[in-house]
>>> print(open('coords-v2.cif').read())   # mmCIF, C-alpha atoms
data_start
loop_
_atom_site.label_atom_id
_atom_site.label_comp_id
_atom_site.auth_asym_id
_atom_site.auth_seq_id
_atom_site.Cartn_x
_atom_site.Cartn_y
_atom_site.Cartn_z
CA MET A 1 -24.81 -6.87 25.72
CA GLN A 2 -21.44 -7.49 27.35
CA TYR A 3 -18.85 -4.75 28.01
CA ARG A 4 -15.08 -4.77 28.29
CA THR A 5 -12.40 -2.25 29.10
CA LEU A 6 -10.75 -0.77 26.00
CA GLY A 7 -7.13 -1.68 26.64
CA ARG A 8 -5.79 0.30 29.56
CA THR A 9 -7.94 3.39 28.93
CA GLY A 10 -10.61 2.65 31.53
CA VAL A 11 -13.30 3.22 28.87
CA GLN A 12 -16.02 0.56 28.81
CA VAL A 13 -17.13 -0.53 25.34
CA SER A 14 -19.64 -3.08 24.07
CA THR A 15 -18.31 -6.39 22.76
CA LEU A 16 -20.14 -5.66 19.50
CA ALA A 17 -19.27 -2.34 17.87
CA LEU A 18 -21.24 -0.73 15.05
CA GLY A 19 -19.14 -0.26 11.93
CA ALA A 20 -20.41 2.36 9.50
CA MET A 21 -18.57 1.40 6.32
CA ASN A 22 -21.85 0.54 4.59
CA PHE A 23 -23.41 3.91 5.32
CA GLY A 24 -23.69 5.84 2.07
CA ARG A 25 -22.61 4.92 -1.42
CA ILE A 26 -20.65 1.74 -0.53
CA GLY A 27 -23.64 -0.03 1.01
CA ARG A 28 -26.33 2.07 -0.70
CA THR A 29 -27.70 2.88 2.76
CA THR A 30 -29.74 6.08 3.02
CA GLN A 31 -29.63 8.55 5.89
CA ASP A 32 -32.98 7.34 7.23
CA GLU A 33 -31.76 3.73 7.13
CA ALA A 34 -28.46 4.63 8.77
CA THR A 35 -30.23 6.54 11.55
CA ALA A 36 -32.59 3.62 12.16
CA ILE A 37 -29.63 1.23 12.38
CA VAL A 38 -27.85 3.53 14.85
CA ASP A 39 -31.04 3.88 16.91
CA ALA A 40 -31.53 0.11 17.12
CA ALA A 41 -27.85 -0.55 17.86
CA LEU A 42 -27.79 1.94 20.73
CA ALA A 43 -31.07 0.57 22.09
CA ALA A 44 -29.49 -2.90 22.13
CA GLY A 45 -26.56 -1.64 24.21
CA ILE A 46 -23.90 -0.96 21.57
CA ASN A 47 -21.96 2.14 22.61
CA LEU A 48 -19.02 2.14 20.16
CA ILE A 49 -19.43 3.40 16.59
CA ASP A 50 -16.53 3.10 14.14
CA THR A 51 -16.25 4.88 10.81
CA ALA A 52 -13.49 6.35 8.59
CA ASP A 53 -12.89 9.38 6.44
CA MET A 54 -12.58 7.36 3.23
CA TYR A 55 -15.83 5.41 3.60
CA SER A 56 -17.80 6.73 0.61
CA ASP A 57 -15.46 9.74 0.53
CA GLY A 58 -16.67 11.15 3.83
CA GLU A 59 -20.36 10.35 3.39
CA SER A 60 -20.29 7.74 6.16
CA GLU A 61 -18.96 10.26 8.67
CA GLU A 62 -21.64 12.76 7.66
CA MET A 63 -24.38 10.17 8.11
CA VAL A 64 -23.02 9.02 11.46
CA GLY A 65 -22.88 12.64 12.61
CA LYS A 66 -26.53 13.22 11.75
CA ALA A 67 -27.56 9.91 13.33
CA ILE A 68 -25.91 10.63 16.70
CA ALA A 69 -26.88 14.30 16.95
CA GLY A 70 -28.07 15.12 20.46
CA ARG A 71 -26.58 12.06 22.12
CA ARG A 72 -22.87 12.43 21.46
CA ASP A 73 -21.82 12.00 25.09
CA ASP A 74 -23.34 8.52 25.30
CA ILE A 75 -21.24 7.18 22.41
CA VAL A 76 -17.61 6.14 22.09
CA LEU A 77 -16.97 7.59 18.64
CA ALA A 78 -14.10 6.29 16.51
CA THR A 79 -12.90 7.25 13.06
CA LYS A 80 -9.82 6.65 10.93
CA ALA A 81 -7.49 8.46 8.53
CA SER A 82 -4.46 7.89 6.26
CA MET A 83 -6.08 6.21 3.26
CA PRO A 84 -6.21 8.33 0.05
CA MET A 85 -8.87 11.04 -0.06
CA GLY A 86 -8.82 12.03 -3.72
CA ALA A 87 -6.02 12.22 -6.26
CA GLU A 88 -3.83 14.81 -4.51
CA ARG A 89 -0.67 12.99 -3.40
CA ASN A 90 -0.52 14.64 0.03
CA HIS A 91 -4.17 13.92 0.89
CA GLN A 92 -3.23 10.61 2.50
CA GLY A 93 -0.71 9.05 4.85
CA GLY A 94 0.45 9.73 8.38
CA SER A 95 2.19 13.09 8.03
CA ARG A 96 1.50 15.89 10.48
CA ARG A 97 0.40 18.08 7.57
CA TRP A 98 -2.32 15.65 6.53
CA LEU A 99 -3.52 14.38 9.92
CA VAL A 100 -4.04 17.87 11.34
CA THR A 101 -6.01 18.89 8.26
CA GLU A 102 -8.01 15.69 7.90
CA LEU A 103 -9.01 15.48 11.55
CA ASP A 104 -10.62 18.89 11.19
CA ASN A 105 -12.41 17.62 8.09
CA SER A 106 -13.66 14.56 9.98
CA LEU A 107 -14.85 16.66 12.92
CA ARG A 108 -16.75 18.91 10.53
CA ARG A 109 -18.38 15.97 8.76
CA LEU A 110 -19.27 14.30 12.07
CA GLY A 111 -20.54 17.56 13.56
CA VAL A 112 -18.55 17.11 16.78
CA ASP A 113 -15.67 18.89 18.51
CA HIS A 114 -13.71 15.71 19.29
CA VAL A 115 -13.55 11.99 18.61
CA ASP A 116 -12.86 9.42 21.29
CA LEU A 117 -10.58 7.25 19.16
CA TYR A 118 -8.61 8.39 16.11
CA GLN A 119 -6.99 5.53 14.21
CA ILE A 120 -4.30 5.35 11.54
CA HIS A 121 -6.13 3.28 8.94
CA ARG A 122 -2.99 1.71 7.47
CA TRP A 123 0.69 1.98 8.27
CA ASP A 124 2.35 4.63 6.09
CA PRO A 125 5.86 3.45 5.11
CA ASN A 126 6.73 6.96 3.88
CA THR A 127 6.27 8.61 7.28
CA SER A 128 8.26 7.99 10.45
CA ASP A 129 6.55 6.80 13.60
CA GLU A 130 7.90 9.86 15.39
CA GLU A 131 6.22 12.21 12.89
CA THR A 132 2.84 10.50 13.15
CA LEU A 133 2.87 9.99 16.92
CA SER A 134 4.01 13.57 17.50
CA ALA A 135 1.07 14.90 15.50
CA LEU A 136 -1.37 12.59 17.29
CA THR A 137 0.03 13.51 20.69
CA ASP A 138 -0.45 17.21 19.94
CA LEU A 139 -4.00 16.63 18.69
CA GLN A 140 -4.74 14.75 21.90
CA ARG A 141 -3.34 17.57 24.02
CA ALA A 142 -5.47 20.02 22.02
CA GLY A 143 -8.57 18.05 23.08
CA LYS A 144 -9.58 17.06 19.55
CA ILE A 145 -9.03 13.34 20.20
CA ARG A 146 -9.19 11.43 23.46
CA TYR A 147 -7.11 8.42 22.38
CA PHE A 148 -5.46 7.16 19.22
CA GLY A 149 -4.79 3.75 17.74
CA SER A 150 -3.60 1.82 14.71
CA SER A 151 -5.45 -0.32 12.22
CA THR A 152 -4.20 -3.39 10.37
CA PHE A 153 -0.58 -2.84 11.40
CA PRO A 154 1.82 -5.79 11.11
CA ALA A 155 2.99 -6.99 14.52
CA TYR A 156 6.51 -5.64 14.04
CA ARG A 157 5.10 -2.18 13.26
CA ILE A 158 3.02 -2.24 16.44
CA VAL A 159 6.17 -2.99 18.43
CA GLN A 160 8.17 -0.34 16.58
CA ALA A 161 5.51 2.31 17.24
CA GLN A 162 5.45 1.48 20.95
CA TRP A 163 9.24 1.82 21.06
CA ALA A 164 9.14 5.11 19.12
CA ALA A 165 6.59 6.57 21.52
CA ARG A 166 8.69 5.65 24.54
CA GLU A 167 11.97 6.77 22.97
CA ASN A 168 10.58 10.17 21.93
CA HIS A 169 8.41 10.77 25.05
CA LEU A 170 5.19 10.71 23.02
CA ARG A 171 1.82 9.15 23.70
CA PRO A 172 1.47 5.60 22.30
CA TYR A 173 -1.22 3.86 20.32
CA VAL A 174 -3.71 2.35 22.78
CA THR A 175 -5.69 0.21 20.33
CA GLU A 176 -5.22 -1.91 17.22
CA GLN A 177 -7.91 -2.80 14.66
CA PRO A 178 -6.98 -6.01 12.78
CA GLY A 179 -8.97 -8.28 10.51
CA TYR A 180 -9.98 -11.50 12.28
CA SER A 181 -12.41 -14.34 11.69
CA ILE A 182 -12.63 -18.12 11.89
CA LEU A 183 -11.34 -18.25 8.30
CA GLN A 184 -8.52 -15.76 8.88
CA ARG A 185 -6.77 -16.61 12.15
CA GLY A 186 -3.24 -15.44 11.34
CA ILE A 187 -3.27 -12.62 13.89
CA GLU A 188 -3.36 -15.25 16.65
CA SER A 189 0.25 -16.10 15.86
CA HIS A 190 1.71 -12.58 15.70
CA VAL A 191 -0.56 -9.57 16.27
CA LEU A 192 -2.59 -10.71 19.30
CA PRO A 193 0.44 -11.80 21.36
CA VAL A 194 1.88 -8.32 20.79
CA THR A 195 -1.31 -6.41 21.62
CA GLU A 196 -1.73 -8.47 24.77
CA GLN A 197 1.88 -7.77 25.75
CA TYR A 198 1.36 -4.00 25.42
CA GLY A 199 -2.17 -3.96 26.84
CA LEU A 200 -3.80 -2.63 23.68
CA GLY A 201 -7.53 -2.71 23.10
CA VAL A 202 -8.37 -4.76 20.01
CA LEU A 203 -11.34 -3.99 17.74
CA VAL A 204 -11.55 -6.66 15.06
CA TRP A 205 -13.03 -6.05 11.63
CA SER A 206 -14.60 -8.52 9.17
CA PRO A 207 -15.53 -11.13 11.80
CA LEU A 208 -18.00 -12.56 9.25
CA ALA A 209 -15.20 -12.86 6.66
CA SER A 210 -16.85 -10.56 4.10
CA GLY A 211 -20.08 -12.56 4.35
CA TRP A 212 -18.59 -16.05 4.10
CA LEU A 213 -19.71 -16.74 7.69
CA SER A 214 -23.13 -15.07 7.44
CA GLY A 215 -24.96 -18.32 6.71
CA VAL A 216 -25.94 -17.13 3.24
CA ILE A 217 -22.98 -18.67 1.42
CA ARG A 218 -23.36 -22.45 1.18
CA ALA A 219 -22.41 -25.19 -1.25
CA GLY A 220 -24.82 -25.53 -4.17
CA ARG A 221 -26.11 -21.96 -3.87
CA ASP A 222 -25.34 -19.01 -6.10
CA ILE A 223 -23.31 -16.37 -4.26
CA THR A 224 -25.20 -13.10 -4.65
CA THR A 225 -24.01 -11.02 -1.70
CA SER A 226 -23.31 -7.32 -2.25
CA ARG A 227 -19.62 -7.86 -1.53
CA SER A 228 -19.36 -10.56 -4.20
CA LYS A 229 -20.53 -8.11 -6.83
CA PHE A 230 -17.54 -5.79 -6.52
CA MET A 231 -15.01 -8.38 -5.34
CA PRO A 232 -15.92 -11.38 -7.53
CA GLN A 233 -12.47 -12.97 -7.38
CA ARG A 234 -12.88 -13.52 -3.63
CA PHE A 235 -16.05 -15.52 -4.15
CA ASP A 236 -15.24 -17.52 -7.29
CA THR A 237 -15.44 -21.10 -6.01
CA THR A 238 -13.39 -22.41 -8.94
CA ILE A 239 -10.38 -20.79 -7.25
CA PRO A 240 -8.74 -23.24 -4.80
CA ILE A 241 -8.54 -20.78 -1.91
CA ASN A 242 -12.25 -20.02 -2.18
CA ARG A 243 -13.04 -23.72 -2.45
CA ALA A 244 -11.15 -24.26 0.82
CA LYS A 245 -13.20 -21.51 2.46
CA LEU A 246 -16.43 -23.07 1.21
CA ASP A 247 -15.40 -26.49 2.50
CA ALA A 248 -14.66 -24.96 5.91
CA VAL A 249 -18.01 -23.14 5.91
CA GLU A 250 -19.87 -26.40 5.31
CA GLN A 251 -18.11 -28.04 8.26
CA LEU A 252 -18.70 -24.98 10.46
CA ALA A 253 -22.40 -24.99 9.57
CA LYS A 254 -22.67 -28.50 11.05
CA VAL A 255 -20.95 -27.33 14.24
CA ALA A 256 -23.36 -24.39 14.50
CA ASP A 257 -26.41 -26.62 13.92
CA GLN A 258 -25.31 -29.10 16.58
CA ALA A 259 -24.79 -26.25 19.05
CA GLY A 260 -28.15 -24.66 18.26
CA LEU A 261 -26.50 -21.52 16.91
CA THR A 262 -26.69 -19.52 13.72
CA MET A 263 -23.53 -19.15 11.66
CA ILE A 264 -23.41 -15.49 12.69
CA GLN A 265 -23.57 -16.40 16.37
CA LEU A 266 -20.80 -18.95 15.85
CA ALA A 267 -18.60 -16.45 13.98
CA LEU A 268 -19.05 -13.52 16.36
CA GLY A 269 -18.92 -15.73 19.44
CA PHE A 270 -15.60 -17.13 18.21
CA VAL A 271 -13.77 -13.82 17.82
CA THR A 272 -15.07 -12.35 21.08
CA ALA A 273 -14.01 -15.52 22.92
CA HIS A 274 -10.34 -14.67 22.45
CA PRO A 275 -9.00 -12.95 25.61
CA GLY A 276 -7.04 -10.50 23.49
CA VAL A 277 -10.13 -9.18 21.67
CA THR A 278 -12.14 -6.27 23.08
CA SER A 279 -14.91 -5.87 20.49
CA ALA A 280 -16.02 -7.26 17.14
CA ILE A 281 -17.05 -4.64 14.58
CA ILE A 282 -20.26 -5.52 12.75
CA GLY A 283 -21.12 -3.66 9.55
CA PRO A 284 -24.84 -4.11 8.85
CA ARG A 285 -26.21 -2.75 5.60
CA THR A 286 -29.86 -3.30 6.55
CA MET A 287 -31.95 -3.63 9.69
CA ASP A 288 -32.30 -7.36 9.03
CA HIS A 289 -28.50 -7.64 9.01
CA LEU A 290 -28.31 -5.75 12.29
CA HIS A 291 -30.88 -7.88 14.09
CA SER A 292 -29.24 -11.12 12.96
CA GLN A 293 -25.90 -9.87 14.31
CA LEU A 294 -27.31 -8.49 17.55
CA ALA A 295 -28.53 -12.04 18.25
CA ALA A 296 -24.88 -12.84 19.00
CA SER A 297 -24.47 -10.10 21.62
CA ASP A 298 -24.54 -12.56 24.53
CA THR A 299 -23.23 -15.65 22.74
CA VAL A 300 -20.62 -17.59 24.72
CA LEU A 301 -19.19 -20.62 22.95
CA SER A 302 -18.45 -23.76 24.94
CA ALA A 303 -15.01 -25.36 24.98
CA ASP A 304 -16.35 -28.23 22.86
CA VAL A 305 -17.52 -25.82 20.16
CA LEU A 306 -14.23 -23.93 20.18
CA ASP A 307 -12.35 -27.23 19.94
CA ALA A 308 -14.48 -28.21 16.93
CA ILE A 309 -13.66 -24.91 15.24
CA ASP A 310 -9.93 -25.47 15.89
CA ALA A 311 -10.22 -28.85 14.17
CA ILE A 312 -11.64 -27.20 11.03
CA VAL A 313 -9.35 -24.15 10.85
CA ALA A 314 -6.22 -24.52 12.93
CA PRO A 315 -5.17 -21.72 15.31
CA GLY A 316 -2.99 -19.10 13.65
CA VAL A 317 -3.92 -20.17 10.09
CA ASP A 318 -5.22 -17.88 7.33
CA LEU A 319 -7.18 -19.83 4.74
CA ALA A 320 -6.70 -16.94 2.30
CA PRO A 321 -3.28 -15.43 3.07
CA ASP A 322 -3.29 -13.37 -0.13
CA GLU A 323 -6.25 -11.40 1.24
CA LYS A 324 -4.31 -10.11 4.23
CA HIS A 325 -3.87 -6.35 4.59
CA ASP A 326 -0.99 -6.43 7.09
CA THR A 327 1.48 -8.35 4.93
CA PRO A 328 4.96 -6.77 4.91
CA PRO A 329 5.47 -4.90 1.60
CA ALA A 330 8.42 -7.09 0.58
CA LEU A 331 6.14 -10.14 0.45
CA ARG A 332 3.86 -8.42 -2.05
CA HIS A 333 6.41 -6.63 -4.26
CA THR A 334 9.28 -8.68 -5.64
CA ALA A 335 11.58 -5.67 -6.12
CA LEU A 336 11.64 -5.08 -2.36
CA ARG A 337 13.10 -8.53 -1.60
CA ARG A 338 15.76 -8.60 -4.33
CA ARG A 339 18.98 -6.65 -4.06
CA SER A 340 19.74 -4.65 -7.19
CA SER A 341 22.83 -5.81 -9.05
CA PRO A 342 25.71 -3.29 -8.98
CA VAL A 343 26.75 -1.70 -12.24
CA GLY A 344 28.89 -4.21 -14.09
CA GLY A 345 27.99 -6.96 -11.65
CA ARG A 346 26.46 -10.35 -12.35
#
>>> encode(input="coords-v2.cif", output="structure tokens")
Amino acid sequence: MQYRTLGRTGVQVSTLALGAMNFGRIGRTTQDEATAIVDAALAAGINLIDTADMYSDGESEEMVGKAIAGRRDDIVLATKASMPMGAERNHQGGSRRWLVTELDNSLRRLGVDHVDLYQIHRWDPNTSDEETLSALTDLQRAGKIRYFGSSTFPAYRIVQAQWAARENHLRPYVTEQPGYSILQRGIESHVLPVTEQYGLGVLVWSPLASGWLSGVIRAGRDITTSRSKFMPQRFDTTIPINRAKLDAVEQLAKVADQAGLTMIQLALGFVTAHPGVTSAIIGPRTMDHLHSQLAASDTVLSADVLDAIDAIVAPGVDLAPDEKHDTPPALRHTALRRRSSPVGGR
């Protein structure tokens, strides 16, 4: 296992991080299975575990807490908040009211007195940066969190938050968690230049592109992954975007074969090769998944392989731009990019 410094914190983290989204109802992973996965990941040298309050409505945090009991100090523990937790309108977002309450809920579920990294899961357009950063700064001073970061923020929001922290004498975000894979390279053109400029640690999610780069999805085969069952539109190969992804996968498979690598090694080796990336978050649902991903822990891709990947999916290009989670709201909602006509106007 390789290790890198998490931004400018001085904390050393493994280049592969264990994501716990599949623990519980989402991945149908039991407590015994989750504990076995954590045990094997730690034995392999992984020291960063990432979860979130909304993963299976808190069940993931509970399972992580039980799995790490007795060895908390050896783990860099990260969780997230701001996504809806139930129907109550104020049980979400980046307000002080919610973050103070929900951090306590996460600590209780995890069975710990602090987390090492507390992340805002998505930018909340209804809450000012000053409000959110003020609450996070106070929680850090109270010892409940060691550091805090953002997740899937557009580049301009990362910059704005850094400015707001400096302007209001608050602590800044020290990490960002964006989606990144060979098939979705858009962050290379906007997010990664910004995180490198500000010295942020970067923990990338979905490096296997929701299973597209796992080696299981190939032309002529039925797609039967667990993700395809609840997100069928993202795997319907009659849709042009998905056909483009499948075409790219077939070309990438040839590159992997010629290099003597699995598709998983190619995919994980690609994202960790970028100098702006600290760790790639893997989200195994089974022990077999974990072992196949751990095989990439020391993968270093040659320049020839990286050049071949660039020729298949160009730097900075998202093959499926509609699947992005950091798109500015005005690009998704027409009303936000059209000025309302004045009364009596034309």
>>> resolve_selection(input="coords-v2.cif", expression="the PyMOL selection byres ((chain A and resi 103-117) around 8)", output="PyMOL selection string")
chain A and resi 53+58+61-66+69+72+76-79+81+99-102+118-119+143-149
>>> closest_residue(input="coords-v2.cif", among="A:Leu294, A:Leu48, A:Ala142, A:Val271", to="A:Ala209", atoms="only C-alpha atoms")
A:Val271
>>> residues_around(input="coords-v2.cif", residues="A:Pro315", least_positions_apart="6", cutoff="9 Å", atoms="only C-alpha atoms", output="PyMOL selection string")
chain A and resi 182+185-186+188-189
>>> resolve_selection(input="coords-v2.cif", expression="the PyMOL selection byres ((chain A and resi 318) around 9)", output="PyMOL selection string")
chain A and resi 182-187+313-317+319-324
>>> atom_distance(input="coords-v2.cif", atom1="atom CA of A:Ser95", atom2="atom CA of A:Thr152")
17.8 Å
>>> build_atoms(input="coords-v2.cif", residues="stretch 204-215 of chain A", atoms="all heavy atoms", output="PDB file, in the coordinates of the input")
ATOM      1  N   VAL A 204     -11.798  -5.880  16.268  1.00  0.00           N
ATOM      2  CA  VAL A 204     -11.550  -6.660  15.060  1.00  0.00           C
ATOM      3  C   VAL A 204     -12.602  -6.378  13.992  1.00  0.00           C
ATOM      4  O   VAL A 204     -13.786  -6.233  14.273  1.00  0.00           O
ATOM      5  CB  VAL A 204     -11.500  -8.177  15.365  1.00  0.00           C
ATOM      6  CG1 VAL A 204     -10.387  -8.471  16.359  1.00  0.00           C
ATOM      7  CG2 VAL A 204     -12.821  -8.715  15.883  1.00  0.00           C
ATOM      8  N   TRP A 205     -12.119  -6.273  12.740  1.00  0.00           N
ATOM      9  CA  TRP A 205     -13.030  -6.050  11.630  1.00  0.00           C
ATOM     10  C   TRP A 205     -13.174  -7.326  10.790  1.00  0.00           C
ATOM     11  O   TRP A 205     -12.361  -8.228  10.865  1.00  0.00           O
ATOM     12  CB  TRP A 205     -12.600  -4.872  10.769  1.00  0.00           C
ATOM     13  CG  TRP A 205     -11.213  -4.901  10.186  1.00  0.00           C
ATOM     14  CD1 TRP A 205     -10.086  -4.354  10.720  1.00  0.00           C
ATOM     15  CD2 TRP A 205     -10.817  -5.469   8.926  1.00  0.00           C
ATOM     16  NE1 TRP A 205      -9.007  -4.558   9.893  1.00  0.00           N
ATOM     17  CE2 TRP A 205      -9.428  -5.235   8.777  1.00  0.00           C
ATOM     18  CE3 TRP A 205     -11.491  -6.143   7.911  1.00  0.00           C
ATOM     19  CZ2 TRP A 205      -8.704  -5.656   7.659  1.00  0.00           C
ATOM     20  CZ3 TRP A 205     -10.777  -6.571   6.796  1.00  0.00           C
ATOM     21  CH2 TRP A 205      -9.408  -6.322   6.680  1.00  0.00           C
ATOM     22  N   SER A 206     -14.257  -7.371  10.028  1.00  0.00           N
ATOM     23  CA  SER A 206     -14.600  -8.520   9.170  1.00  0.00           C
ATOM     24  C   SER A 206     -14.703  -9.830   9.931  1.00  0.00           C
ATOM     25  O   SER A 206     -14.212 -10.867   9.462  1.00  0.00           O
ATOM     26  CB  SER A 206     -13.601  -8.658   8.020  1.00  0.00           C
ATOM     27  OG  SER A 206     -14.157  -9.403   6.952  1.00  0.00           O
ATOM     28  N   PRO A 207     -15.376  -9.860  11.080  1.00  0.00           N
ATOM     29  CA  PRO A 207     -15.530 -11.130  11.800  1.00  0.00           C
ATOM     30  C   PRO A 207     -16.397 -12.132  11.050  1.00  0.00           C
ATOM     31  O   PRO A 207     -16.338 -13.327  11.341  1.00  0.00           O
ATOM     32  CB  PRO A 207     -16.174 -10.704  13.121  1.00  0.00           C
ATOM     33  CG  PRO A 207     -16.912  -9.446  12.790  1.00  0.00           C
ATOM     34  CD  PRO A 207     -16.043  -8.740  11.788  1.00  0.00           C
ATOM     35  N   LEU A 208     -17.191 -11.656  10.071  1.00  0.00           N
ATOM     36  CA  LEU A 208     -18.000 -12.560   9.250  1.00  0.00           C
ATOM     37  C   LEU A 208     -17.298 -12.892   7.937  1.00  0.00           C
ATOM     38  O   LEU A 208     -17.906 -13.487   7.033  1.00  0.00           O
ATOM     39  CB  LEU A 208     -19.372 -11.949   8.971  1.00  0.00           C
ATOM     40  CG  LEU A 208     -20.246 -11.658  10.201  1.00  0.00           C
ATOM     41  CD1 LEU A 208     -21.606 -11.123   9.779  1.00  0.00           C
ATOM     42  CD2 LEU A 208     -20.409 -12.893  11.071  1.00  0.00           C
ATOM     43  N   ALA A 209     -16.021 -12.514   7.826  1.00  0.00           N
ATOM     44  CA  ALA A 209     -15.200 -12.860   6.660  1.00  0.00           C
ATOM     45  C   ALA A 209     -15.860 -12.434   5.355  1.00  0.00           C
ATOM     46  O   ALA A 209     -16.026 -13.215   4.417  1.00  0.00           O
ATOM     47  CB  ALA A 209     -14.907 -14.360   6.645  1.00  0.00           C
ATOM     48  N   SER A 210     -16.237 -11.145   5.305  1.00  0.00           N
ATOM     49  CA  SER A 210     -16.850 -10.560   4.100  1.00  0.00           C
ATOM     50  C   SER A 210     -18.122 -11.313   3.673  1.00  0.00           C
ATOM     51  O   SER A 210     -18.453 -11.362   2.487  1.00  0.00           O
ATOM     52  CB  SER A 210     -15.857 -10.542   2.940  1.00  0.00           C
ATOM     53  OG  SER A 210     -14.750  -9.731   3.245  1.00  0.00           O
ATOM     54  N   GLY A 211     -18.826 -11.877   4.634  1.00  0.00           N
ATOM     55  CA  GLY A 211     -20.080 -12.560   4.350  1.00  0.00           C
ATOM     56  C   GLY A 211     -19.979 -14.064   4.244  1.00  0.00           C
ATOM     57  O   GLY A 211     -21.005 -14.764   4.234  1.00  0.00           O
ATOM     58  N   TRP A 212     -18.756 -14.611   4.189  1.00  0.00           N
ATOM     59  CA  TRP A 212     -18.590 -16.050   4.100  1.00  0.00           C
ATOM     60  C   TRP A 212     -19.200 -16.767   5.307  1.00  0.00           C
ATOM     61  O   TRP A 212     -19.642 -17.913   5.200  1.00  0.00           O
ATOM     62  CB  TRP A 212     -17.110 -16.415   3.990  1.00  0.00           C
ATOM     63  CG  TRP A 212     -16.549 -16.292   2.610  1.00  0.00           C
ATOM     64  CD1 TRP A 212     -15.907 -15.219   2.070  1.00  0.00           C
ATOM     65  CD2 TRP A 212     -16.576 -17.298   1.575  1.00  0.00           C
ATOM     66  NE1 TRP A 212     -15.528 -15.472   0.771  1.00  0.00           N
ATOM     67  CE2 TRP A 212     -15.929 -16.751   0.442  1.00  0.00           C
ATOM     68  CE3 TRP A 212     -17.077 -18.595   1.504  1.00  0.00           C
ATOM     69  CZ2 TRP A 212     -15.769 -17.457  -0.750  1.00  0.00           C
ATOM     70  CZ3 TRP A 212     -16.927 -19.306   0.313  1.00  0.00           C
ATOM     71  CH2 TRP A 212     -16.279 -18.737  -0.792  1.00  0.00           C
ATOM     72  N   LEU A 213     -19.211 -16.107   6.459  1.00  0.00           N
ATOM     73  CA  LEU A 213     -19.710 -16.740   7.690  1.00  0.00           C
ATOM     74  C   LEU A 213     -21.094 -16.220   8.087  1.00  0.00           C
ATOM     75  O   LEU A 213     -21.510 -16.366   9.225  1.00  0.00           O
ATOM     76  CB  LEU A 213     -18.716 -16.503   8.826  1.00  0.00           C
ATOM     77  CG  LEU A 213     -17.322 -17.095   8.596  1.00  0.00           C
ATOM     78  CD1 LEU A 213     -16.364 -16.672   9.705  1.00  0.00           C
ATOM     79  CD2 LEU A 213     -17.393 -18.618   8.498  1.00  0.00           C
ATOM     80  N   SER A 214     -21.804 -15.627   7.138  1.00  0.00           N
ATOM     81  CA  SER A 214     -23.130 -15.070   7.440  1.00  0.00           C
ATOM     82  C   SER A 214     -24.233 -16.112   7.413  1.00  0.00           C
ATOM     83  O   SER A 214     -25.354 -15.853   7.855  1.00  0.00           O
ATOM     84  CB  SER A 214     -23.463 -13.969   6.424  1.00  0.00           C
ATOM     85  OG  SER A 214     -23.612 -14.535   5.121  1.00  0.00           O
ATOM     86  N   GLY A 215     -23.931 -17.293   6.864  1.00  0.00           N
ATOM     87  CA  GLY A 215     -24.960 -18.320   6.710  1.00  0.00           C
ATOM     88  C   GLY A 215     -25.603 -18.301   5.344  1.00  0.00           C
ATOM     89  O   GLY A 215     -26.334 -19.227   4.971  1.00  0.00           O
TER      90      GLY A 215
END
